[in-house]
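**Q** What follows is the file structure.tsv, containing TSV, C-alpha atoms:
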chain	number	residue	atom	x	y	z
F	1	MET	CA	41.93	81.56	56.43
F	2	SER	CA	41.06	78.71	54.07
F	3	THR	CA	40.34	75.15	55.22
F	4	SER	CA	43.70	73.92	53.89
F	5	GLU	CA	45.52	76.68	55.78
F	6	GLN	CA	43.64	75.78	58.97
F	7	ILE	CA	44.64	72.13	58.52
F	8	ASP	CA	48.29	73.07	57.95
F	9	ALA	CA	48.32	75.32	61.03
F	10	SER	CA	46.72	72.61	63.18
F	11	THR	CA	49.13	69.99	61.84
F	12	LEU	CA	52.15	72.18	62.63
F	13	THR	CA	50.89	72.69	66.18
F	14	CYS	CA	50.54	68.93	66.67
F	15	LEU	CA	53.93	68.13	65.10
F	16	ARG	CA	55.59	70.69	67.38
F	17	LYS	CA	54.13	68.81	70.33
F	18	ALA	CA	55.46	65.50	68.99
F	19	ALA	CA	58.91	67.03	68.48
F	20	LYS	CA	59.06	68.37	72.04
F	21	VAL	CA	57.47	65.53	74.03
F	22	GLY	CA	57.16	62.26	72.00
F	23	PRO	CA	56.58	59.43	71.92
F	24	LEU	CA	52.90	60.01	72.66
F	25	PRO	CA	49.58	58.30	71.92
F	26	LEU	CA	48.30	59.16	68.45
F	27	GLN	CA	45.20	61.03	69.73
F	28	GLU	CA	44.08	62.49	73.03
F	29	LYS	CA	41.60	60.48	75.05
F	30	GLY	CA	40.15	61.79	78.26
F	31	SER	CA	43.03	63.07	80.40
F	32	VAL	CA	45.62	61.23	78.29
F	33	THR	CA	47.75	63.60	76.20
F	34	GLY	CA	48.14	62.68	72.54
F	35	ILE	CA	49.75	64.22	69.48
F	36	PHE	CA	46.44	65.05	67.82
F	37	PRO	CA	43.06	66.14	69.26
F	38	ALA	CA	40.55	63.51	70.30
F	39	ALA	CA	37.88	61.79	68.20
F	40	ALA	CA	36.69	63.15	64.86
F	41	LYS	CA	38.46	66.49	65.22
F	42	GLY	CA	41.92	64.97	65.28
F	43	LYS	CA	41.39	61.91	63.07
F	44	PRO	CA	41.88	63.61	59.65
F	45	LEU	CA	44.99	65.40	60.95
F	46	ALA	CA	46.45	62.12	62.24
F	47	GLU	CA	45.63	60.25	59.02
F	48	ARG	CA	47.23	62.99	56.92
F	49	ALA	CA	50.39	62.90	59.03
F	50	LYS	CA	50.62	59.12	58.73
F	51	GLU	CA	50.06	59.21	54.95
F	52	HIS	CA	52.90	61.70	54.50
F	53	GLY	CA	55.20	59.75	56.81
F	54	TRP	CA	55.59	62.62	59.29
F	55	ILE	CA	54.94	60.35	62.28
F	56	ALA	CA	55.56	56.67	62.96
F	57	GLU	CA	55.03	54.13	65.72
F	58	LYS	CA	57.72	53.87	68.35
F	59	ARG	CA	58.28	50.20	69.21
F	60	GLU	CA	60.28	48.66	72.04
F	61	THR	CA	61.13	45.09	72.94
F	62	ARG	CA	60.00	44.29	76.47
F	63	THR	CA	60.52	41.23	78.60
F	64	THR	CA	57.99	40.17	81.23
F	65	THR	CA	58.15	37.40	83.79
F	66	LYS	CA	55.08	35.72	85.29
F	67	THR	CA	54.93	33.15	88.06
F	68	VAL	CA	52.21	30.54	87.78
F	69	ARG	CA	51.98	27.75	90.37
F	70	GLY	CA	55.51	28.32	91.49
F	71	LYS	CA	56.95	28.31	87.98
F	72	SER	CA	58.36	31.42	86.29
F	73	LYS	CA	57.71	32.06	82.64
F	74	THR	CA	59.53	34.75	80.71
F	75	THR	CA	58.18	36.19	77.48
F	76	THR	CA	59.62	38.75	75.11
F	77	ALA	CA	57.43	40.86	72.82
F	78	GLU	CA	57.62	44.01	70.77
F	79	VAL	CA	55.13	46.64	71.93
F	80	VAL	CA	54.07	50.05	70.63
F	81	VAL	CA	54.91	52.72	73.20
F	82	GLY	CA	53.56	55.64	71.21
F	83	TRP	CA	54.03	57.75	68.09
F	84	GLU	CA	56.94	60.04	67.34
F	85	LEU	CA	58.17	62.45	64.69
F	86	THR	CA	60.07	60.90	61.77
F	87	PRO	CA	62.96	62.51	59.84
F	88	ALA	CA	60.37	63.48	57.21
F	89	GLY	CA	58.30	65.10	59.96
F	90	HIS	CA	61.30	67.08	61.18
F	91	LYS	CA	61.92	68.26	57.62
F	92	TYR	CA	58.29	69.33	57.13
F	93	LEU	CA	58.35	71.21	60.44
F	94	ALA	CA	61.60	72.97	59.54
F	95	GLU	CA	60.33	74.00	56.10
F	96	HIS	CA	57.00	75.39	57.31
F	97	ASP	CA	57.86	76.67	60.78
F	98	ASN	CA	60.77	79.05	60.39
F	99	PRO	CA	61.31	82.80	60.71
F	100	LYS	CA	61.94	83.39	57.00
F	101	ALA	CA	58.38	84.51	56.23
F	102	ALA	CA	58.33	87.01	59.13
F	103	LEU	CA	61.70	88.45	58.09
F	104	GLU	CA	60.65	88.74	54.44
F	105	THR	CA	57.49	90.59	55.53
F	106	LEU	CA	59.67	93.04	57.44
F	107	ILE	CA	61.96	93.49	54.42
F	108	GLY	CA	58.92	94.20	52.25
F	109	LEU	CA	57.69	96.88	54.65
F	110	VAL	CA	61.05	98.65	54.61
F	111	GLN	CA	61.27	98.47	50.82
F	112	LYS	CA	57.88	100.16	50.44
F	113	PHE	CA	59.18	103.36	51.97
F	114	THR	CA	61.90	104.52	49.60
F	115	PRO	CA	63.37	108.01	49.99
F	116	SER	CA	60.90	109.43	47.46
F	117	ASP	CA	57.97	107.81	49.29
F	118	ASN	CA	59.17	109.17	52.62
F	119	HIS	CA	59.15	112.62	51.12
F	120	ARG	CA	55.47	112.24	50.25
F	121	HIS	CA	54.14	110.03	53.04
F	122	VAL	CA	55.50	109.64	56.56
F	123	PRO	CA	55.23	105.94	57.57
F	124	ASP	CA	53.63	104.95	60.83
F	125	PRO	CA	56.40	103.69	63.17
F	126	THR	CA	53.97	101.41	65.02
F	127	VAL	CA	53.65	99.22	61.90
F	128	PHE	CA	57.41	98.68	61.79
F	129	SER	CA	57.53	98.13	65.55
F	130	THR	CA	54.86	95.42	65.33
F	131	ALA	CA	56.62	93.72	62.41
F	132	ILE	CA	60.01	93.79	64.16
F	133	GLU	CA	58.54	92.36	67.38
F	134	LYS	CA	56.81	89.57	65.44
F	135	ALA	CA	59.96	88.72	63.46
F	136	THR	CA	62.09	88.74	66.62
F	137	GLU	CA	59.70	86.52	68.56
F	138	THR	CA	59.38	84.11	65.63
F	139	CYS	CA	63.17	83.84	65.28
F	140	LEU	CA	63.69	83.24	69.00
F	141	SER	CA	60.83	80.76	69.24
F	142	THR	CA	61.81	78.63	66.24
F	143	ILE	CA	65.49	78.52	67.19
F	144	ARG	CA	64.66	77.67	70.81
F	145	ASP	CA	62.27	74.90	69.77
F	146	ALA	CA	64.74	73.48	67.25
F	147	PHE	CA	67.59	73.22	69.73
F	148	THR	CA	65.36	71.89	72.52
F	149	ASP	CA	64.31	69.11	70.16
F	150	LEU	CA	67.95	68.56	69.15
F	151	GLN	CA	69.00	68.24	72.80
F	152	GLN	CA	66.32	65.64	73.48
F	153	LYS	CA	67.25	63.55	70.43
F	154	VAL	CA	70.97	63.60	71.27
F	155	LEU	CA	70.36	62.61	74.90
F	156	GLN	CA	68.07	59.78	73.79
F	157	ALA	CA	70.70	58.51	71.36
F	158	VAL	CA	73.52	58.39	73.94
F	159	THR	CA	71.49	56.98	76.83
F	160	PRO	CA	73.18	53.69	77.92
F	161	THR	CA	69.85	51.89	78.26
F	162	ASN	CA	69.06	52.53	74.62
F	163	ALA	CA	69.96	49.23	73.02
F	164	SER	CA	69.67	50.38	69.40
F	165	SER	CA	71.02	53.87	68.73
F	166	ASP	CA	69.43	55.22	65.56
F	167	PRO	CA	71.20	58.33	64.20
F	168	ALA	CA	68.29	59.31	61.94
F	169	PRO	CA	66.33	61.34	64.56
F	170	VAL	CA	69.51	63.16	65.61
F	171	LEU	CA	70.43	64.00	62.02
F	172	ALA	CA	66.88	65.16	61.34
F	173	ALA	CA	66.94	67.40	64.41
F	174	LEU	CA	70.33	68.82	63.37
F	175	ARG	CA	69.06	69.62	59.89
F	176	ALA	CA	65.91	71.19	61.34
F	177	ALA	CA	67.99	73.37	63.67
F	178	ALA	CA	70.21	74.47	60.78
F	179	ASP	CA	67.24	75.21	58.51
F	180	ARG	CA	65.52	77.34	61.13
F	181	VAL	CA	68.45	79.72	61.58
F	182	LYS	CA	68.77	80.50	57.86
F	183	ILE	CA	68.05	84.14	57.10
F	184	PRO	CA	66.58	85.30	53.78
F	185	ASP	CA	69.00	87.16	51.53
F	186	MET	CA	68.74	90.90	51.88
F	187	PRO	CA	68.25	92.48	48.47
F	188	ALA	CA	70.82	95.06	47.44
F	189	PHE	CA	69.55	98.60	47.88
F	190	SER	CA	69.56	100.89	44.89
F	191	PRO	CA	68.22	104.45	44.76
F	192	PRO	CA	64.70	104.62	43.35
F	193	PRO	CA	64.36	105.89	39.77
F	194	PRO	CA	62.80	109.32	39.26
F	195	PRO	CA	59.01	109.18	39.01
F	196	PRO	CA	57.82	109.03	35.38
F	197	VAL	CA	55.86	111.89	33.92
F	198	PRO	CA	52.21	110.78	33.63
F	199	SER	CA	51.07	110.38	30.04
F	200	HIS	CA	47.59	111.23	28.78
F	201	THR	CA	46.69	107.51	28.87
F	202	ALA	CA	48.00	107.15	32.43
F	203	THR	CA	46.05	110.23	33.51
F	204	SER	CA	42.86	108.77	32.04
F	205	ALA	CA	43.48	105.46	33.84
F	206	ILE	CA	43.95	107.27	37.17
F	207	ALA	CA	40.74	109.25	36.69
F	208	SER	CA	38.90	106.03	35.77
F	209	THR	CA	40.17	104.31	38.93
F	210	GLU	CA	39.13	107.23	41.12
F	211	GLY	CA	35.65	107.31	39.57
F	212	GLU	CA	35.22	103.55	40.02
F	213	ILE	CA	36.25	103.80	43.69
F	214	VAL	CA	33.64	106.49	44.39
F	215	ALA	CA	30.93	104.58	42.51
F	216	TYR	CA	31.68	101.25	44.22
F	217	VAL	CA	31.81	102.78	47.71
F	218	GLN	CA	28.48	104.54	47.21
F	219	ASP	CA	26.84	101.39	45.83
F	220	ARG	CA	28.27	99.31	48.73
F	221	VAL	CA	26.74	101.69	51.28
F	222	LYS	CA	23.35	101.58	49.54
F	223	ARG	CA	23.39	97.78	49.69
F	224	THR	CA	24.82	97.22	53.19
F	225	SER	CA	24.63	100.60	54.98
F	226	VAL	CA	28.37	100.37	55.79
F	227	GLY	CA	31.58	101.22	53.96
F	228	CYS	CA	33.90	98.65	52.44
F	229	GLN	CA	37.30	97.31	53.48
F	230	PHE	CA	40.30	98.08	51.29
F	231	ASP	CA	40.84	94.41	50.38
F	232	GLU	CA	37.27	94.13	49.04
F	233	LEU	CA	37.66	97.41	47.14
F	234	MET	CA	41.03	96.36	45.68
F	235	ASN	CA	39.65	93.00	44.52
F	236	HIS	CA	36.82	94.80	42.70
F	237	LEU	CA	39.19	97.27	41.03
F	238	ARG	CA	41.50	94.51	39.82
F	239	THR	CA	38.64	92.83	37.98
F	240	GLN	CA	38.77	95.85	35.68
F	241	ASN	CA	42.48	96.66	35.95
F	242	PRO	CA	44.52	93.54	36.85
F	243	ASN	CA	47.76	95.59	36.78
F	244	LEU	CA	46.63	98.08	39.42
F	245	THR	CA	49.45	98.49	41.95
F	246	VAL	CA	49.13	99.11	45.68
F	247	GLY	CA	50.91	102.43	45.25
F	248	ALA	CA	48.43	103.63	42.62
F	249	PHE	CA	45.55	102.41	44.79
F	250	HIS	CA	46.88	104.39	47.77
F	251	ASP	CA	47.43	107.51	45.67
F	252	ALA	CA	43.84	107.36	44.42
F	253	LEU	CA	42.43	106.90	47.93
F	254	ARG	CA	44.51	109.74	49.34
F	255	LYS	CA	43.51	112.09	46.50
F	256	LEU	CA	39.82	111.26	46.88
F	257	HIS	CA	40.03	111.73	50.64
F	258	ASP	CA	41.82	115.09	50.32
F	259	SER	CA	39.25	116.30	47.76
F	260	ASP	CA	36.39	115.20	50.05
F	261	ARG	CA	34.98	112.72	47.51
F	262	ILE	CA	35.27	109.77	49.96
F	263	ARG	CA	35.96	109.45	53.67
F	264	LEU	CA	38.58	107.03	55.04
F	265	GLY	CA	37.97	105.09	58.25
F	266	GLY	CA	40.31	103.38	60.71
F	267	TRP	CA	40.81	99.68	61.38
F	268	PRO	CA	38.88	98.84	64.60
F	269	ARG	CA	40.61	95.58	65.52
F	270	MET	CA	44.13	94.22	66.08
F	271	LEU	CA	46.58	94.64	63.19
F	272	ASP	CA	47.05	90.84	63.10
F	273	ASP	CA	43.36	90.51	62.15
F	274	MET	CA	43.76	92.69	59.06
F	275	PRO	CA	43.15	90.55	55.91
F	276	GLU	CA	45.78	92.25	53.71
F	277	PRO	CA	47.98	94.59	55.81
F	278	GLU	CA	49.89	95.82	52.75
F	279	LEU	CA	46.73	97.64	51.62
F	280	ALA	CA	46.48	99.72	54.81
F	281	LEU	CA	46.90	103.47	54.36
F	282	PHE	CA	48.39	105.77	56.97
F	283	VAL	CA	46.78	109.18	57.42
F	284	SER	CA	47.91	111.39	60.30
F	285	SER	CA	49.60	108.34	61.90
F	286	LYS	CA	46.31	106.41	61.85
F	287	VAL	CA	45.84	103.05	60.13
F	288	MET	CA	43.04	103.44	57.58
F	289	TYR	CA	41.33	100.37	56.07
F	290	TYR	CA	37.75	101.47	55.29
F	291	ALA	CA	36.29	103.68	52.56
F	292	GLN	CA	32.95	105.44	52.97
F	293	PRO	CA	31.05	108.15	51.10
F	294	ALA	CA	32.09	111.66	52.06
F	295	HIS	CA	28.51	112.68	52.85
Would you put the structure from the file into structure tokens?
**A**
Amino acid sequence: MSTSEQIDASTLTCLRKAAKVGPLPLQEKGSVTGIFPAAAKGKPLAERAKEHGWIAEKRETRTTTKTVRGKSKTTTAEVVVGWELTPAGHKYLAEHDNPKAALETLIGLVQKFTPSDNHRHVPDPTVFSTAIEKATETCLSTIRDAFTDLQQKVLQAVTPTNASSDPAPVLAALRAAADRVKIPDMPAFSPPPPPPVPSHTATSAIASTEGEIVAYVQDRVKRTSVGCQFDELMNHLRTQNPNLTVGAFHDALRKLHDSDRIRLGGWPRMLDDMPEPELALFVSSKVMYYAQPAH
């Protein structure tokens, strides 16, 4: 994960907190809960949110009365009670924190296994199960969070003690709730075209790819004593053939494995830790993600 992606993920986590709880202090301090982490860790996140207008100060007019030497003195002043999410913040949260990406990932998985593919390769049901669970949990979580936030904003707006009812937070929460329940369009299904007959040029390209895979894997083991992950191998191959598809990559790996020219290894960690899951290859219902020399 790049630095910018880490910042975006951290910002989303903080904005979710502001949407659920706010108003809150800008940063945590000691046991005091804030929108962003304490000290230097949270400062760049807070500054970025302020610059983009995702958060703003929440101000209230308060009246205090003091008695000095038997005389009462009343003063009225506007004070900052904390920071809260702005309409722009609600929009940013809705655009970046919705189930669309998870659903599109699931659609992509299903599309990969067309009838002709199923005839050749039996997909691993655990991959689909994991994707469905993730998509379901993401949908439920984002919808639940959106409507919890909407409920809080509506109740705040209609509270009798609220002297100035501002409809902007309510409208922002409504739009966020509506955005989060949008579902990506399902592409129309059409039967896959018959596989083309390989030409002499295509056959030469396949042989070249297979030879490069074997050479790179052997060189990688000489340099590091371990095999290489599929994402590293694919990146190397695409420096020579930018148009190499995942399907052609899988076909080459499977052919080399079956002919005992390389040996495929399983992924040892959680599937969520896999850098590029679409490159995983399923052999005998096992998730393969490493290539090693056959001997």
**Q** Between atom CA of F:Ser31 and atom CA of F:Ala46, what distance in Å does the model show, to one decimal?
**A** 18.5 Å
**Q** If you count all atoms listed in the file, which residues fall within 8 Å of stretch 228-231 of chain F, apart from same-chain ones fewer than 5 positions away, as a list in words?
**A**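 The neighbour list is Val217, Arg220, Val221, Pro275, Glu276, Leu279, Ala280, Tyr289, Tyr290, Ala291 and Gln292 of chain F.
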**Q** What is the distance between atom CA of F:Glu60 and atom CA of F:Val81, in Å to one decimal?
**A**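 Computed distance, atom CA of F:Glu60 to atom CA of F:Val81, equals 6.8 Å.
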**Q** Pull the closest atom pair for each residue of stretch 42-64 of chain F that gets at most 10 Å from stretch 90-96 of chain F, along with the distance in Å to one decimal, counting all atoms listed in the file, ordering rows by chain and then ascending residue number, as JSON lines.
**A**
{"residue": "F:His52", "atom": "CA", "partner": "F:Tyr92", "partner_atom": "CA", "distance": 9.7}
{"residue": "F:Trp54", "atom": "CA", "partner": "F:His90", "partner_atom": "CA", "distance": 7.5}
{"residue": "F:Ile55", "atom": "CA", "partner": "F:His90", "partner_atom": "CA", "distance": 9.3}
**Q** Looking at all atoms listed in the file, which of F:Met288, F:Met234, F:Met274, F:Val214 is the one that sits closest to F:Gly247?
**A**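 Nearest candidate to F:Gly247 out of F:Met288, F:Met234, F:Met274, F:Val214: F:Met234.
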**Q** Taking 3 positions as the minimum chain separation for residues in the same chain, which residues sit within 10 Å of F:Ala38 when counting all atoms listed in the file? Answer as a list in words.
**A**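 Listing them by chain and then by number gives Leu26, Gln27, Glu28, Lys29, Gly30, Val32, Thr33, Gly34, Ile35, Lys41, Gly42 and Lys43 of chain F.
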**Q** Tell me which of F:Arg62, F:Arg263, F:Lys222, F:His257 sits closest to F:His295, counting all atoms listed in the file.
**A**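 Of F:Arg62, F:Arg263, F:Lys222, F:His257, the one nearest F:His295, counting all atoms listed in the file, is F:Arg263.
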**Q** What does the structure give for the distance between atom CA of F:Arg261 and atom CA of F:Ile213, in Å to one decimal?
**A**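 Straight-line distance from atom CA of F:Arg261 to atom CA of F:Ile213 works out to 9.8 Å.
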**Q** Counting all atoms listed in the file, which residue out of F:Ala205, F:Ala294, F:Leu12, F:Ala215 sits closest to F:Phe249?
**A**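 Nearest to F:Phe249: F:Ala205.
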**Q** Hey, which of F:Gly89, F:Glu47, F:Glu57, F:Gly211 ends up closest to F:Arg16? Count all atoms listed in the file.
**A**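 Closest to F:Arg16 of all the choices is F:Gly89.
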**Q** May I have the protein, DNA and RNA residues with an atom at most 10 Å from (58.2, 41.3, 83.9), counting all atoms listed in the file in the file's coordinates, returned as a ChimeraX atom specification?
**A** /F:62-67,73-76
